[in-house]
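*Asks:* The structure file start-v4.cif (mmCIF, C-alpha atoms and all ligand atoms) is provided below.
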```cif
data_target
loop_
_atom_site.label_atom_id
_atom_site.label_comp_id
_atom_site.auth_asym_id
_atom_site.auth_seq_id
_atom_site.Cartn_x
_atom_site.Cartn_y
_atom_site.Cartn_z
CA MET A 223 0.00 0.00 0.00
CA LEU A 224 1.17 3.54 -0.70
CA PHE A 225 0.50 5.93 2.21
CA GLY A 226 0.39 9.67 1.46
CA ILE A 227 1.21 12.46 3.91
CA LEU A 228 -0.05 15.90 2.92
CA ARG A 229 0.80 19.38 4.12
CA GLU A 230 -2.05 20.54 6.36
CA ASN A 231 -3.66 23.95 6.72
CA ASP A 232 -2.27 24.24 10.24
CA HIS A 233 1.08 23.53 11.85
CA ARG A 234 0.53 19.85 12.62
CA VAL A 235 1.31 16.81 10.50
CA SER A 236 -0.80 13.65 10.54
CA VAL A 237 2.01 11.09 10.30
CA THR A 238 5.34 11.54 12.08
CA PRO A 239 8.55 10.03 10.67
CA GLU A 240 8.27 7.39 13.41
CA LEU A 241 4.89 6.21 12.14
CA ALA A 242 6.09 6.43 8.53
CA LYS A 243 8.99 4.18 9.52
CA LYS A 244 6.55 1.70 11.02
CA PHE A 245 4.47 1.55 7.82
CA ILE A 246 7.63 0.99 5.79
CA SER A 247 8.93 -1.71 8.15
CA GLU A 248 5.65 -3.55 7.57
CA GLY A 249 6.26 -3.59 3.83
CA HIS A 250 4.27 -0.52 2.76
CA GLU A 251 5.45 2.59 0.96
CA VAL A 252 5.15 6.16 2.19
CA CYS A 253 5.29 9.42 0.25
CA PHE A 254 5.10 12.94 1.66
CA GLU A 255 4.45 16.40 0.31
CA ILE A 256 7.48 18.69 0.50
CA GLY A 257 7.43 20.50 3.83
CA ALA A 258 4.57 18.36 5.22
CA GLY A 259 6.12 18.13 8.68
CA THR A 260 8.23 21.29 8.76
CA THR A 261 5.95 23.35 11.02
CA ALA A 262 5.75 20.44 13.46
CA TYR A 263 9.58 20.33 13.47
CA PHE A 264 9.86 17.16 11.39
CA ASN A 265 11.82 18.26 8.36
CA ASP A 266 11.82 16.53 4.99
CA SER A 267 15.11 14.75 5.69
CA SER A 268 13.61 13.03 8.73
CA TYR A 269 11.06 11.42 6.40
CA THR A 270 13.56 10.48 3.71
CA ALA A 271 15.84 9.03 6.43
CA VAL A 272 13.19 6.40 7.23
CA GLY A 273 12.64 5.54 3.56
CA ALA A 274 9.71 7.81 2.63
CA THR A 275 9.70 9.52 -0.77
CA GLU A 276 9.13 13.19 -1.51
CA LYS A 277 6.36 13.89 -4.05
CA SER A 278 4.23 16.78 -5.24
CA ARG A 279 0.79 17.18 -3.67
CA GLU A 280 -0.89 16.39 -6.98
CA ASP A 281 1.16 13.24 -7.40
CA ILE A 282 0.28 12.04 -3.91
CA LEU A 283 -3.43 12.66 -4.46
CA LYS A 284 -3.32 10.76 -7.76
CA THR A 285 -1.30 7.77 -6.62
CA ALA A 286 -1.68 7.11 -2.87
CA ASN A 287 -3.89 4.21 -1.79
CA VAL A 288 -4.23 5.65 1.71
CA LEU A 289 -4.43 9.29 2.78
CA ILE A 290 -4.30 10.22 6.46
CA THR A 291 -5.09 13.88 7.13
CA LEU A 292 -6.05 16.07 10.07
CA ALA A 293 -8.61 18.04 8.06
CA PRO A 294 -10.54 16.58 5.09
CA ILE A 295 -9.26 17.27 1.59
CA SER A 296 -11.33 19.56 -0.65
CA LYS A 297 -13.92 18.59 -3.25
CA GLU A 298 -11.53 19.61 -6.04
CA GLU A 299 -8.84 17.32 -4.66
CA VAL A 300 -11.25 14.39 -4.41
CA GLU A 301 -11.49 14.57 -8.23
CA LEU A 302 -7.81 13.65 -8.45
CA LEU A 303 -7.99 10.53 -6.27
CA SER A 304 -7.65 7.12 -7.81
CA GLU A 305 -10.24 4.32 -7.61
CA GLY A 306 -10.68 2.78 -4.16
CA THR A 307 -8.58 5.30 -2.18
CA LEU A 308 -8.89 5.00 1.61
CA LEU A 309 -9.31 8.33 3.40
CA PHE A 310 -8.75 8.76 7.13
CA SER A 311 -9.53 12.17 8.61
CA SER A 312 -11.80 14.09 11.01
CA PHE A 313 -14.79 14.70 8.73
CA GLU A 314 -17.21 15.86 11.49
CA PRO A 315 -20.26 14.38 9.72
CA PHE A 316 -22.33 15.19 12.85
CA GLN A 317 -21.87 18.91 12.03
CA ASP A 318 -22.79 18.54 8.36
CA ALA A 319 -23.77 15.09 7.08
CA SER A 320 -23.66 16.28 3.46
CA ILE A 321 -19.83 16.17 3.59
CA CYS A 322 -20.10 12.39 3.08
CA GLU A 323 -21.48 12.93 -0.45
CA LEU A 324 -18.12 14.37 -1.55
CA TYR A 325 -16.42 11.02 -1.03
CA ALA A 326 -19.20 8.77 -2.29
CA THR A 327 -17.48 8.29 -5.62
CA LYS A 328 -14.81 6.17 -7.34
CA GLY A 329 -15.07 3.37 -4.76
CA ILE A 330 -13.54 5.65 -2.11
CA SER A 331 -13.85 4.69 1.56
CA ALA A 332 -13.72 7.32 4.29
CA PHE A 333 -13.12 6.72 7.99
CA SER A 334 -13.67 9.53 10.47
CA PHE A 335 -11.51 9.71 13.60
CA ASP A 336 -14.16 11.82 15.35
CA MET A 337 -16.70 8.99 14.99
CA ILE A 338 -14.60 6.53 17.00
CA PRO A 339 -16.78 5.66 20.03
CA ARG A 340 -15.71 7.38 23.28
CA THR A 341 -15.31 4.07 25.09
CA THR A 342 -12.56 2.91 27.41
CA ILE A 343 -11.30 0.40 24.84
CA ALA A 344 -10.96 3.14 22.19
CA GLN A 345 -9.24 5.68 24.45
CA SER A 346 -5.81 5.11 22.90
CA MET A 347 -7.26 6.05 19.47
CA ASP A 348 -9.26 9.06 20.62
CA VAL A 349 -8.02 11.95 18.51
CA LEU A 350 -10.69 14.28 19.97
CA SER A 351 -9.37 13.72 23.49
CA SER A 352 -5.70 14.11 22.56
CA MET A 353 -6.32 17.41 20.82
CA ALA A 354 -8.80 18.71 23.42
CA SER A 355 -6.33 18.09 26.21
CA ILE A 356 -3.64 20.12 24.44
CA ALA A 357 -6.18 22.88 23.75
CA GLY A 358 -7.13 23.09 27.43
CA TYR A 359 -3.49 23.47 28.42
CA LYS A 360 -2.76 26.08 25.77
CA ALA A 361 -5.93 28.06 26.60
CA VAL A 362 -4.59 28.76 30.08
CA LEU A 363 -1.20 29.79 28.72
CA LYS A 364 -2.88 32.16 26.22
CA ALA A 365 -4.88 33.72 29.03
CA THR A 366 -1.78 34.06 31.21
CA GLU A 367 0.02 35.85 28.41
CA LEU A 368 -2.75 38.43 27.95
CA LEU A 369 -3.70 38.89 31.60
CA PRO A 370 -2.20 42.05 33.14
CA ARG A 371 -2.01 40.24 36.49
CA TYR A 372 -0.12 37.36 38.13
CA MET A 373 -1.72 33.91 38.25
CA PRO A 374 -0.24 32.77 41.61
CA MET A 375 -0.45 34.37 44.99
CA LEU A 376 2.87 36.02 45.79
CA SER A 377 4.35 37.58 48.87
CA THR A 378 6.66 40.35 47.76
CA ALA A 379 8.52 43.05 49.65
CA ALA A 380 6.07 45.54 48.16
CA GLY A 381 3.06 43.64 49.40
CA THR A 382 0.99 40.50 48.86
CA VAL A 383 -0.33 39.73 45.39
CA PRO A 384 -3.64 37.82 45.44
CA PRO A 385 -4.03 34.77 43.18
CA SER A 386 -6.05 35.17 39.99
CA LYS A 387 -9.48 33.58 39.89
CA VAL A 388 -9.94 31.22 36.94
CA LEU A 389 -13.38 29.94 35.98
CA ILE A 390 -13.65 26.96 33.63
CA LEU A 391 -17.01 26.45 31.90
CA GLY A 392 -17.25 22.92 30.51
CA ALA A 393 -15.18 20.36 32.42
CA GLY A 394 -14.70 17.72 29.71
CA VAL A 395 -11.29 16.73 28.40
CA ALA A 396 -10.18 20.30 27.55
CA GLY A 397 -11.70 21.77 30.70
CA LEU A 398 -10.01 19.28 33.00
CA GLN A 399 -6.61 19.94 31.46
CA ALA A 400 -7.27 23.69 31.78
CA ILE A 401 -8.07 23.18 35.49
CA ALA A 402 -4.86 21.20 36.03
CA THR A 403 -2.78 23.82 34.19
CA ALA A 404 -4.31 26.79 36.02
CA LYS A 405 -3.82 25.00 39.34
CA ARG A 406 -0.15 24.39 38.50
CA LEU A 407 0.22 28.11 37.87
CA GLY A 408 -1.17 28.80 41.33
CA ALA A 409 -4.56 30.25 40.37
CA GLN A 410 -7.77 29.82 42.35
CA VAL A 411 -9.86 27.58 40.12
CA GLU A 412 -13.60 26.95 39.89
CA ALA A 413 -15.34 24.90 37.22
CA PHE A 414 -18.82 24.13 36.01
CA ASP A 415 -20.31 21.44 33.79
CA THR A 416 -23.83 20.14 33.25
CA ARG A 417 -22.68 16.50 33.34
CA ALA A 418 -23.11 15.09 36.82
CA ALA A 419 -19.99 12.93 36.50
CA SER A 420 -17.71 15.93 36.10
CA LYS A 421 -18.12 17.09 39.72
CA GLU A 422 -15.86 14.41 41.12
CA GLU A 423 -13.28 14.90 38.36
CA VAL A 424 -13.15 18.66 39.00
CA GLN A 425 -12.76 18.15 42.73
CA SER A 426 -10.07 15.50 42.29
CA LEU A 427 -7.95 18.15 40.56
CA GLY A 428 -8.32 20.44 43.55
CA ALA A 429 -10.79 22.87 41.98
CA LYS A 430 -14.17 23.95 43.34
CA PHE A 431 -17.25 22.71 41.49
CA VAL A 432 -19.89 25.34 40.80
CA GLU A 433 -23.11 23.53 41.50
CA VAL A 434 -26.46 24.14 39.83
CA ALA A 435 -29.02 21.62 41.06
CA GLY A 436 -31.66 19.94 38.82
CA ALA A 437 -29.73 19.02 35.63
CA ASN A 438 -31.24 16.53 33.13
CA ASP A 439 -29.75 13.05 33.50
CA ASP A 440 -26.99 12.33 30.99
CA THR A 441 -26.09 8.79 32.04
CA ASN A 442 -27.05 7.30 28.67
CA ALA A 443 -25.65 10.02 26.43
CA GLY A 444 -22.32 8.27 25.71
CA GLY A 445 -20.28 10.78 27.72
CA TYR A 446 -21.74 13.83 25.98
CA ALA A 447 -23.80 16.63 27.50
CA VAL A 448 -27.59 16.67 26.99
CA GLU A 449 -29.86 19.67 26.40
CA GLN A 450 -31.16 21.20 29.66
CA SER A 451 -34.57 22.69 30.62
CA GLU A 452 -35.21 26.45 30.36
CA GLU A 453 -35.58 26.75 34.12
CA TYR A 454 -32.28 24.99 34.68
CA LYS A 455 -30.57 27.21 32.12
CA LYS A 456 -31.89 30.34 33.91
CA LYS A 457 -30.60 29.22 37.31
CA GLN A 458 -27.32 28.17 35.73
CA ALA A 459 -26.91 31.55 34.02
CA GLU A 460 -27.52 33.48 37.24
CA LEU A 461 -24.95 31.59 39.25
CA ILE A 462 -22.42 31.61 36.44
CA ASN A 463 -22.86 35.36 35.97
CA GLN A 464 -21.93 35.90 39.60
CA LYS A 465 -18.78 33.81 39.11
CA ILE A 466 -17.86 35.53 35.84
CA GLU A 467 -18.02 38.94 37.47
CA LYS A 468 -15.38 37.90 39.99
CA ALA A 469 -13.14 35.96 37.59
CA ASP A 470 -9.87 37.22 36.11
CA VAL A 471 -9.88 34.47 33.49
CA VAL A 472 -12.74 32.45 32.04
CA ILE A 473 -11.95 29.45 29.83
CA THR A 474 -14.99 28.09 28.00
CA THR A 475 -15.05 24.65 26.39
CA ALA A 476 -18.78 23.76 26.39
CA GLN A 477 -19.89 21.95 23.26
CA LEU A 478 -22.99 20.05 22.19
CA ARG A 479 -22.09 17.48 19.56
CA GLY A 480 -23.75 18.27 16.24
CA ARG A 481 -25.35 21.48 17.53
CA PRO A 482 -24.25 25.07 18.10
CA ALA A 483 -22.33 25.64 21.34
CA PRO A 484 -24.45 27.03 24.21
CA THR A 485 -24.06 30.73 25.00
CA LEU A 486 -22.87 30.90 28.59
CA ILE A 487 -21.46 34.45 28.68
CA SER A 488 -23.70 37.34 27.60
CA GLU A 489 -22.50 40.81 26.64
CA GLU A 490 -23.76 42.03 30.03
CA ALA A 491 -21.60 39.42 31.77
CA VAL A 492 -18.54 40.56 29.79
CA LYS A 493 -19.28 44.17 30.85
CA SER A 494 -19.38 43.08 34.48
CA MET A 495 -15.81 41.74 34.36
CA LYS A 496 -12.81 43.67 35.63
CA PRO A 497 -10.90 45.58 32.92
CA GLY A 498 -8.00 43.51 31.58
CA SER A 499 -9.67 40.17 32.30
CA VAL A 500 -9.49 37.41 29.70
CA ILE A 501 -11.96 34.97 28.15
CA VAL A 502 -10.59 32.08 26.07
CA ASP A 503 -13.41 30.47 24.09
CA ILE A 504 -12.41 27.04 22.76
CA ALA A 505 -15.93 26.45 21.41
CA SER A 506 -15.65 29.36 18.95
CA SER A 507 -15.81 27.22 15.78
CA THR A 508 -19.32 26.04 16.66
CA GLY A 509 -20.63 29.49 17.58
CA GLY A 510 -18.74 30.05 20.84
CA ASN A 511 -19.80 30.13 24.49
CA CYS A 512 -19.47 33.90 24.73
CA ALA A 513 -21.86 36.17 22.83
CA LEU A 514 -18.97 38.45 21.79
CA THR A 515 -16.54 35.76 20.60
CA GLU A 516 -15.20 36.06 17.06
CA ASP A 517 -13.82 32.76 15.77
CA ALA A 518 -10.09 32.67 15.02
CA LYS A 519 -9.62 36.19 16.44
CA VAL A 520 -8.47 37.91 19.60
CA VAL A 521 -10.73 40.91 20.26
CA LYS A 522 -10.95 43.40 23.12
CA LYS A 523 -14.50 44.31 24.07
CA HIS A 524 -15.56 46.34 27.14
CA ASP A 525 -11.88 46.18 28.14
CA VAL A 526 -11.92 42.37 28.24
CA PHE A 527 -9.77 40.23 25.95
CA ILE A 528 -11.80 37.55 24.16
CA VAL A 529 -9.81 34.83 22.41
CA GLY A 530 -11.91 32.75 19.96
CA ASN A 531 -9.83 29.72 19.09
CA SER A 532 -10.94 26.12 18.54
CA ASN A 533 -7.65 25.16 17.01
CA LEU A 534 -5.27 25.67 19.93
CA ALA A 535 -3.82 22.16 19.60
CA ALA A 536 -2.13 23.31 16.39
CA ASP A 537 -0.09 25.81 18.45
CA ILE A 538 1.68 22.90 20.15
CA SER A 539 2.37 21.41 16.76
CA GLU A 540 5.09 18.90 17.51
CA GLN A 541 3.44 17.23 20.50
CA ALA A 542 0.00 17.36 18.87
CA SER A 543 1.42 15.60 15.78
CA VAL A 544 3.09 12.94 17.91
CA LEU A 545 -0.12 12.22 19.83
CA PHE A 546 -2.26 12.28 16.69
CA SER A 547 0.11 9.80 15.03
CA LYS A 548 0.00 7.54 18.09
CA ASN A 549 -3.81 7.60 17.96
CA VAL A 550 -3.68 6.65 14.26
CA GLN A 551 -1.18 3.87 14.96
CA ASN A 552 -3.41 2.41 17.69
CA TYR A 553 -6.50 2.64 15.47
CA PHE A 554 -4.69 0.93 12.59
CA LYS A 555 -3.84 -2.02 14.84
CA LEU A 556 -7.50 -2.99 14.34
CA MET A 557 -7.31 -3.12 10.56
CA LEU A 558 -3.85 -2.89 9.00
CA THR A 559 -1.85 -5.99 8.18
CA LYS A 560 1.27 -6.53 6.07
CA GLU A 561 -1.06 -7.46 3.18
CA GLY A 562 -3.14 -4.28 3.49
CA PHE A 563 -6.37 -3.22 5.19
CA ASN A 564 -8.85 -5.73 6.49
CA PHE A 565 -12.02 -4.14 7.87
CA ASP A 566 -13.82 -6.35 10.34
CA PHE A 567 -17.12 -4.51 10.70
CA SER A 568 -18.18 -6.66 13.63
CA ASP A 569 -15.81 -4.37 15.55
CA GLU A 570 -17.88 -1.37 16.76
CA ILE A 571 -14.90 0.98 16.47
CA ILE A 572 -14.42 0.20 12.78
CA LEU A 573 -18.14 0.15 12.06
CA GLN A 574 -18.93 3.47 13.76
CA SER A 575 -15.99 5.31 12.25
CA CYS A 576 -16.71 4.24 8.66
CA ILE A 577 -18.76 7.02 7.03
CA VAL A 578 -18.33 6.05 3.36
CA TYR A 579 -17.52 2.55 2.13
CA LYS A 580 -16.53 1.69 -1.43
CA GLY A 581 -18.27 4.79 -2.78
CA GLU A 582 -21.46 4.49 -0.72
CA VAL A 583 -22.51 6.75 2.15
CA ILE A 584 -22.80 4.70 5.34
CA TYR A 585 -23.13 7.54 7.86
CA GLY A 586 -26.73 8.00 8.99
CA ASN A 587 -27.93 4.92 7.09
CA GLU A 588 -28.47 2.16 9.60
CA ALA A 589 -29.47 -0.46 7.02
CA LYS A 590 -26.24 0.05 5.05
CA GLN A 591 -24.24 0.08 8.24
CA GLN A 592 -25.76 -3.20 9.39
CA ALA A 593 -25.21 -4.75 5.97
CA LEU A 594 -21.45 -4.34 6.52
CA VAL A 595 -21.53 -6.47 9.66
CA PRO A 596 -20.72 -10.09 8.87
CA ALA A 597 -23.35 -12.64 9.87
CA PRO A 598 -22.34 -14.49 13.04
CA GLN A 599 -20.69 -17.85 12.36
CA VAL A 600 -22.91 -20.78 13.27
CA GLU A 601 -20.82 -23.54 14.75
CA GLU A 602 -21.59 -26.98 13.36
CA THR A 603 -22.32 -29.49 16.08
CA ALA A 604 -21.83 -33.18 15.65
CA GLU A 605 -25.11 -35.08 15.46
CA ALA A 606 -25.84 -37.32 18.38
P1 LIG A 701 -17.20 18.09 24.53
O1 LIG A 701 -16.00 18.67 23.90
O2 LIG A 701 -18.32 17.62 23.70
O3 LIG A 701 -17.77 19.19 25.59
C1 LIG A 701 -16.94 19.79 26.55
C2 LIG A 701 -17.66 19.87 27.87
O4 LIG A 701 -18.68 20.87 27.84
C3 LIG A 701 -18.37 18.57 28.26
O5 LIG A 701 -17.87 18.12 29.50
C4 LIG A 701 -19.84 18.97 28.33
O6 LIG A 701 -20.54 18.26 29.34
C5 LIG A 701 -19.75 20.45 28.67
N1 LIG A 701 -20.98 21.22 28.44
C6 LIG A 701 -21.87 21.11 27.42
N2 LIG A 701 -22.87 22.01 27.58
C7 LIG A 701 -22.59 22.72 28.72
C8 LIG A 701 -23.23 23.80 29.38
N3 LIG A 701 -24.36 24.31 28.95
N4 LIG A 701 -22.64 24.27 30.48
C9 LIG A 701 -21.48 23.75 30.96
N5 LIG A 701 -20.82 22.74 30.35
C10 LIG A 701 -21.38 22.22 29.25
O7 LIG A 701 -16.83 16.89 25.50
P2 LIG A 701 -15.45 16.08 25.67
O8 LIG A 701 -14.54 16.87 26.50
O9 LIG A 701 -14.96 15.66 24.34
O10 LIG A 701 -15.89 14.79 26.47
C11 LIG A 701 -17.10 14.68 27.16
C12 LIG A 701 -17.03 13.53 28.14
O11 LIG A 701 -16.75 12.29 27.51
C13 LIG A 701 -16.00 13.71 29.22
O12 LIG A 701 -16.55 13.33 30.43
C14 LIG A 701 -14.96 12.74 28.94
O13 LIG A 701 -14.31 12.27 30.11
C15 LIG A 701 -15.75 11.65 28.28
N6 LIG A 701 -14.85 10.93 27.42
C16 LIG A 701 -14.68 9.59 27.59
C17 LIG A 701 -13.76 8.93 26.82
C18 LIG A 701 -13.51 7.48 26.95
O14 LIG A 701 -13.94 6.85 27.89
N7 LIG A 701 -12.80 6.94 25.98
C19 LIG A 701 -13.04 9.59 25.88
C20 LIG A 701 -13.24 10.94 25.73
C21 LIG A 701 -14.15 11.60 26.51
#
```
What does the file become when written as structure tokens?
Ligand code: NAD
*Replies:*
Amino acid sequence: MLFGILRENDHRVSVTPELAKKFISEGHEVCFEIGAGTTAYFNDSSYTAVGATEKSREDILKTANVLITLAPISKEEVELLSEGTLLFSSFEPFQDASICELYATKGISAFSFDMIPRTTIAQSMDVLSSMASIAGYKAVLKATELLPRYMPMLSTAAGTVPPSKVLILGAGVAGLQAIATAKRLGAQVEAFDTRAASKEEVQSLGAKFVEVAGANDDTNAGGYAVEQSEEYKKKQAELINQKIEKADVVITTAQLRGRPAPTLISEEAVKSMKPGSVIVDIASSTGGNCALTEDAKVVKKHDVFIVGNSNLAADISEQASVLFSKNVQNYFKLMLTKEGFNFDFSDEIILQSCIVYKGEVIYGNEAKQQALVPAPQVEETAEA
């Protein structure tokens, strides 16, 4: 099989030289676009050193059997692919299912990393978690950089400096890493999440959990948040507004899969904050948690910095690439052999992540999905 590595639109690369080396050691070939890893500090020579070949982007698109990318390739580039190409990327079909149609051609198969179930067994392949954790860490560092105040409490000869108050809204993977990072910097940290399970996790990191009673039960939502009642949202907003007013930094990470992010910070709440305070909104790409967020921008409104950035993992490009590659390597253990790919659709991880198979859209079509699952083997028993 010929694996292709393309230059991405951000600073990460999907396959490190170490993973390329592994593919080659298993008898496959690897080609890379010139400069594919440069911004993640893997230069071209580190790929050629492990036996990968440099090619033009067009050449890779036309000849590779397997393309692994962080972001999906464009419609125009799909035209160049050869029959039966295997695409692995984060297609986010839950945001816009029509993306699948782009790949339902020429016998192409597309597997989406963000559709891998969030189960314990799949944790080592969970690209969403790896990237969210980096984003949570970087969000705190961004805030620290902009904040005109210290994070830790300090006793100086000129007087005592109080610690900054950091409020984390959304204590999932990104939020928990933000809590840990802010704690390490010595800030006073509080966090809020609608998922009941997050309380214990927040407290185990030494932060205070902001409690709003009466949330809808989310036990069967596969680890994701569920929509809450209007009354609950009102109570939640009131308490959160009080916390926002006192905070020096607010990091927001609250997302609802497949839907716009909930607005948790109104313009009024921003106005109530102390001048120079900072909001980092990681949910900006899906609408943002702050009413004044502008995606992919840092703005200053009512004397408060508002960072809208859902792509913070790309700022820690080397580590993010290493972790992404490790996730890919672990995922491929389920399906890649020396002879090529073998998709066993009785495996939930493979089944759920396959969105297009041999030119047919599978995502959202339960009948087609089930048709991929092999019939269970009936064991023959000797007649008595
Ligand atoms: P996410 O990115 O979808 O959302 C981030 C957080 O925002 C979530 O914790 C969510 O509950 C919260 N949120 C949503 N609406 C909110 C609101 N109105 N107010 C406050 N918070 C709100 O979620 P995620 O971080 O990717 O993961 C969600 C959960 O799934 C986490 O508990 C995580 O531990 C779990 N998970 C499990 C596995 C696994 O077992 N393999 C892997 C990854 C994640």
*Asks:* Enumerate as a PyMOL selection string the residues within 6 Å of ligand LIG 701 (chain A), counting all atoms listed in the file.
*Replies:* chain A and resi 340-342+344-345+351+391-396+414-417+445-447+475-479+484
*Asks:* Write out as an NGL selection string the residues lying within 9 Å of Leu545 in chain A, counting all atoms listed in the file and excluding same-chain residues fewer than 3 positions away.
*Replies:* :A and (349 or 352-353 or 540-542 or 548-550)
*Asks:* List as CSV every residue of range 336-398 of chain A that is in contact with range 497-512 of chain A, defined as an atom at most 8 Å from one of its atoms (using all atoms listed in the file), together with the nearest atom pair and the distance in Å rounded to one decimal, sorted by chain and then rising number.
*Replies:*
```
residue,atom,partner,partner_atom,distance
A:Ala357,CA,A:Ile504,CA,7.6
A:Ala361,CA,A:Val502,CA,6.2
A:Val362,CA,A:Val502,CA,7.9
A:Lys364,CA,A:Val502,CA,7.7
A:Ala365,CA,A:Val500,CA,5.9
A:Leu368,CA,A:Val500,CA,7.0
A:Leu369,CA,A:Ser499,CA,6.1
A:Pro370,CA,A:Gly498,CA,6.2
```
*Asks:* Taking into account only C-alpha atoms, which residue in the set A:Ala419, A:Val472, A:Cys576, A:Val544 is nearest to Ser311 in chain A?
*Replies:*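 For Ser311 in chain A, the nearest of the given residues is A:Cys576.
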*Asks:* Please list as a ChimeraX atom specification every residue within 8 Å of Thr261 in chain A, counting only C-alpha atoms and excluding residues in the same chain fewer than 6 positions away.
*Replies:* /A:233-234,539-540
*Asks:* Considering all atoms listed in the file, tabulate each residue of range 352-415 of chain A that lies at most 10 Å from range 463-471 of chain A along with its nearest interatomic pair and the corresponding distance in Å to one decimal; arrange the rows by chain and ascending residue number and present them as JSON lines.
*Replies:*
```
{"residue": "A:Val362", "atom": "CA", "partner": "A:Val471", "partner_atom": "CA", "distance": 8.5}
{"residue": "A:Ala365", "atom": "CA", "partner": "A:Val471", "partner_atom": "CA", "distance": 6.7}
{"residue": "A:Thr366", "atom": "CA", "partner": "A:Val471", "partner_atom": "CA", "distance": 8.4}
{"residue": "A:Leu368", "atom": "CA", "partner": "A:Val471", "partner_atom": "CA", "distance": 9.9}
{"residue": "A:Leu369", "atom": "CA", "partner": "A:Asp470", "partner_atom": "CA", "distance": 7.8}
{"residue": "A:Pro370", "atom": "CA", "partner": "A:Asp470", "partner_atom": "CA", "distance": 9.5}
{"residue": "A:Arg371", "atom": "CA", "partner": "A:Asp470", "partner_atom": "CA", "distance": 8.4}
{"residue": "A:Tyr372", "atom": "CA", "partner": "A:Asp470", "partner_atom": "CA", "distance": 10.0}
{"residue": "A:Met373", "atom": "CA", "partner": "A:Asp470", "partner_atom": "CA", "distance": 9.1}
{"residue": "A:Pro385", "atom": "CA", "partner": "A:Asp470", "partner_atom": "CA", "distance": 9.5}
{"residue": "A:Ser386", "atom": "CA", "partner": "A:Asp470", "partner_atom": "CA", "distance": 5.8}
{"residue": "A:Lys387", "atom": "CA", "partner": "A:Ala469", "partner_atom": "CA", "distance": 4.9}
{"residue": "A:Val388", "atom": "CA", "partner": "A:Val471", "partner_atom": "CA", "distance": 4.7}
{"residue": "A:Leu389", "atom": "CA", "partner": "A:Ala469", "partner_atom": "CA", "distance": 6.2}
{"residue": "A:Ile390", "atom": "CA", "partner": "A:Val471", "partner_atom": "CA", "distance": 8.4}
{"residue": "A:Leu391", "atom": "CA", "partner": "A:Ile466", "partner_atom": "CA", "distance": 9.9}
{"residue": "A:Ala404", "atom": "CA", "partner": "A:Val471", "partner_atom": "CA", "distance": 9.8}
{"residue": "A:Ala409", "atom": "CA", "partner": "A:Val471", "partner_atom": "CA", "distance": 9.7}
{"residue": "A:Gln410", "atom": "CA", "partner": "A:Ala469", "partner_atom": "CA", "distance": 9.4}
{"residue": "A:Val411", "atom": "CA", "partner": "A:Ala469", "partner_atom": "CA", "distance": 9.3}
{"residue": "A:Glu412", "atom": "CA", "partner": "A:Lys465", "partner_atom": "CA", "distance": 8.6}
{"residue": "A:Ala413", "atom": "CA", "partner": "A:Lys465", "partner_atom": "CA", "distance": 9.7}
```
*Asks:* So how many Å separate CA of Tyr553 in chain A and CA of Phe313 in chain A, to one decimal?
*Replies:*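 Separation of CA of Tyr553 in chain A and CA of Phe313 in chain A: 16.1 Å.
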*Asks:* Can you tell me which residues surround Arg406 in chain A at a distance of at most 12 Å, considering all atoms listed in the file, apart from same-chain residues fewer than 6 positions away, and format the answer as a compact mmCIF listing (two decimals) with C-alpha atoms, in the coordinates of the input?
*Replies:*
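The new file out_12.txt reads:
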```
# COMPACT_ATOMS: atom_id res chain seq x y z
CA TYR A 359 -3.49 23.47 28.42
CA VAL A 362 -4.59 28.76 30.08
CA LEU A 363 -1.20 29.79 28.72
CA MET A 373 -1.72 33.91 38.25
CA PRO A 374 -0.24 32.77 41.61
CA MET A 375 -0.45 34.37 44.99
CA GLN A 399 -6.61 19.94 31.46
CA ALA A 400 -7.27 23.69 31.78
CA LEU A 427 -7.95 18.15 40.56
CA GLY A 428 -8.32 20.44 43.55
CA ALA A 429 -10.79 22.87 41.98
```
*Asks:* Which value, in Å to one decimal, gives the distance between CA of Ser377 in chain A and CA of Lys405 in chain A?
*Replies:*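 Here the two named atoms are 17.8 Å from each other.
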*Asks:* CA of Ser547 in chain A and CA of Ile338 in chain A are how many Å apart?
*Replies:*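 Those two atoms sit 15.2 Å apart.
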*Asks:* Using all atoms listed in the file, which protein or nucleic acid residues come within 10 Å of range 580-584 of chain A? Drop anything in the same chain fewer than 6 positions from it, and give the result as a short mmCIF file (atom, residue, chain, number, x, y, z; two decimals) with C-alpha atoms, in the coordinates of the input.
*Replies:*
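Result saved to around-v4.cif:
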```cif
data_model
loop_
_atom_site.label_atom_id
_atom_site.label_comp_id
_atom_site.auth_asym_id
_atom_site.auth_seq_id
_atom_site.Cartn_x
_atom_site.Cartn_y
_atom_site.Cartn_z
CA GLU A 305 -10.24 4.32 -7.61
CA GLY A 306 -10.68 2.78 -4.16
CA THR A 307 -8.58 5.30 -2.18
CA LEU A 308 -8.89 5.00 1.61
CA ALA A 319 -23.77 15.09 7.08
CA SER A 320 -23.66 16.28 3.46
CA ILE A 321 -19.83 16.17 3.59
CA CYS A 322 -20.10 12.39 3.08
CA GLU A 323 -21.48 12.93 -0.45
CA LEU A 324 -18.12 14.37 -1.55
CA TYR A 325 -16.42 11.02 -1.03
CA ALA A 326 -19.20 8.77 -2.29
CA THR A 327 -17.48 8.29 -5.62
CA LYS A 328 -14.81 6.17 -7.34
CA GLY A 329 -15.07 3.37 -4.76
CA ILE A 330 -13.54 5.65 -2.11
CA SER A 331 -13.85 4.69 1.56
CA ALA A 332 -13.72 7.32 4.29
CA LEU A 573 -18.14 0.15 12.06
CA GLN A 574 -18.93 3.47 13.76
CA LYS A 590 -26.24 0.05 5.05
CA GLN A 591 -24.24 0.08 8.24
CA GLN A 592 -25.76 -3.20 9.39
CA ALA A 593 -25.21 -4.75 5.97
CA LEU A 594 -21.45 -4.34 6.52
#
```
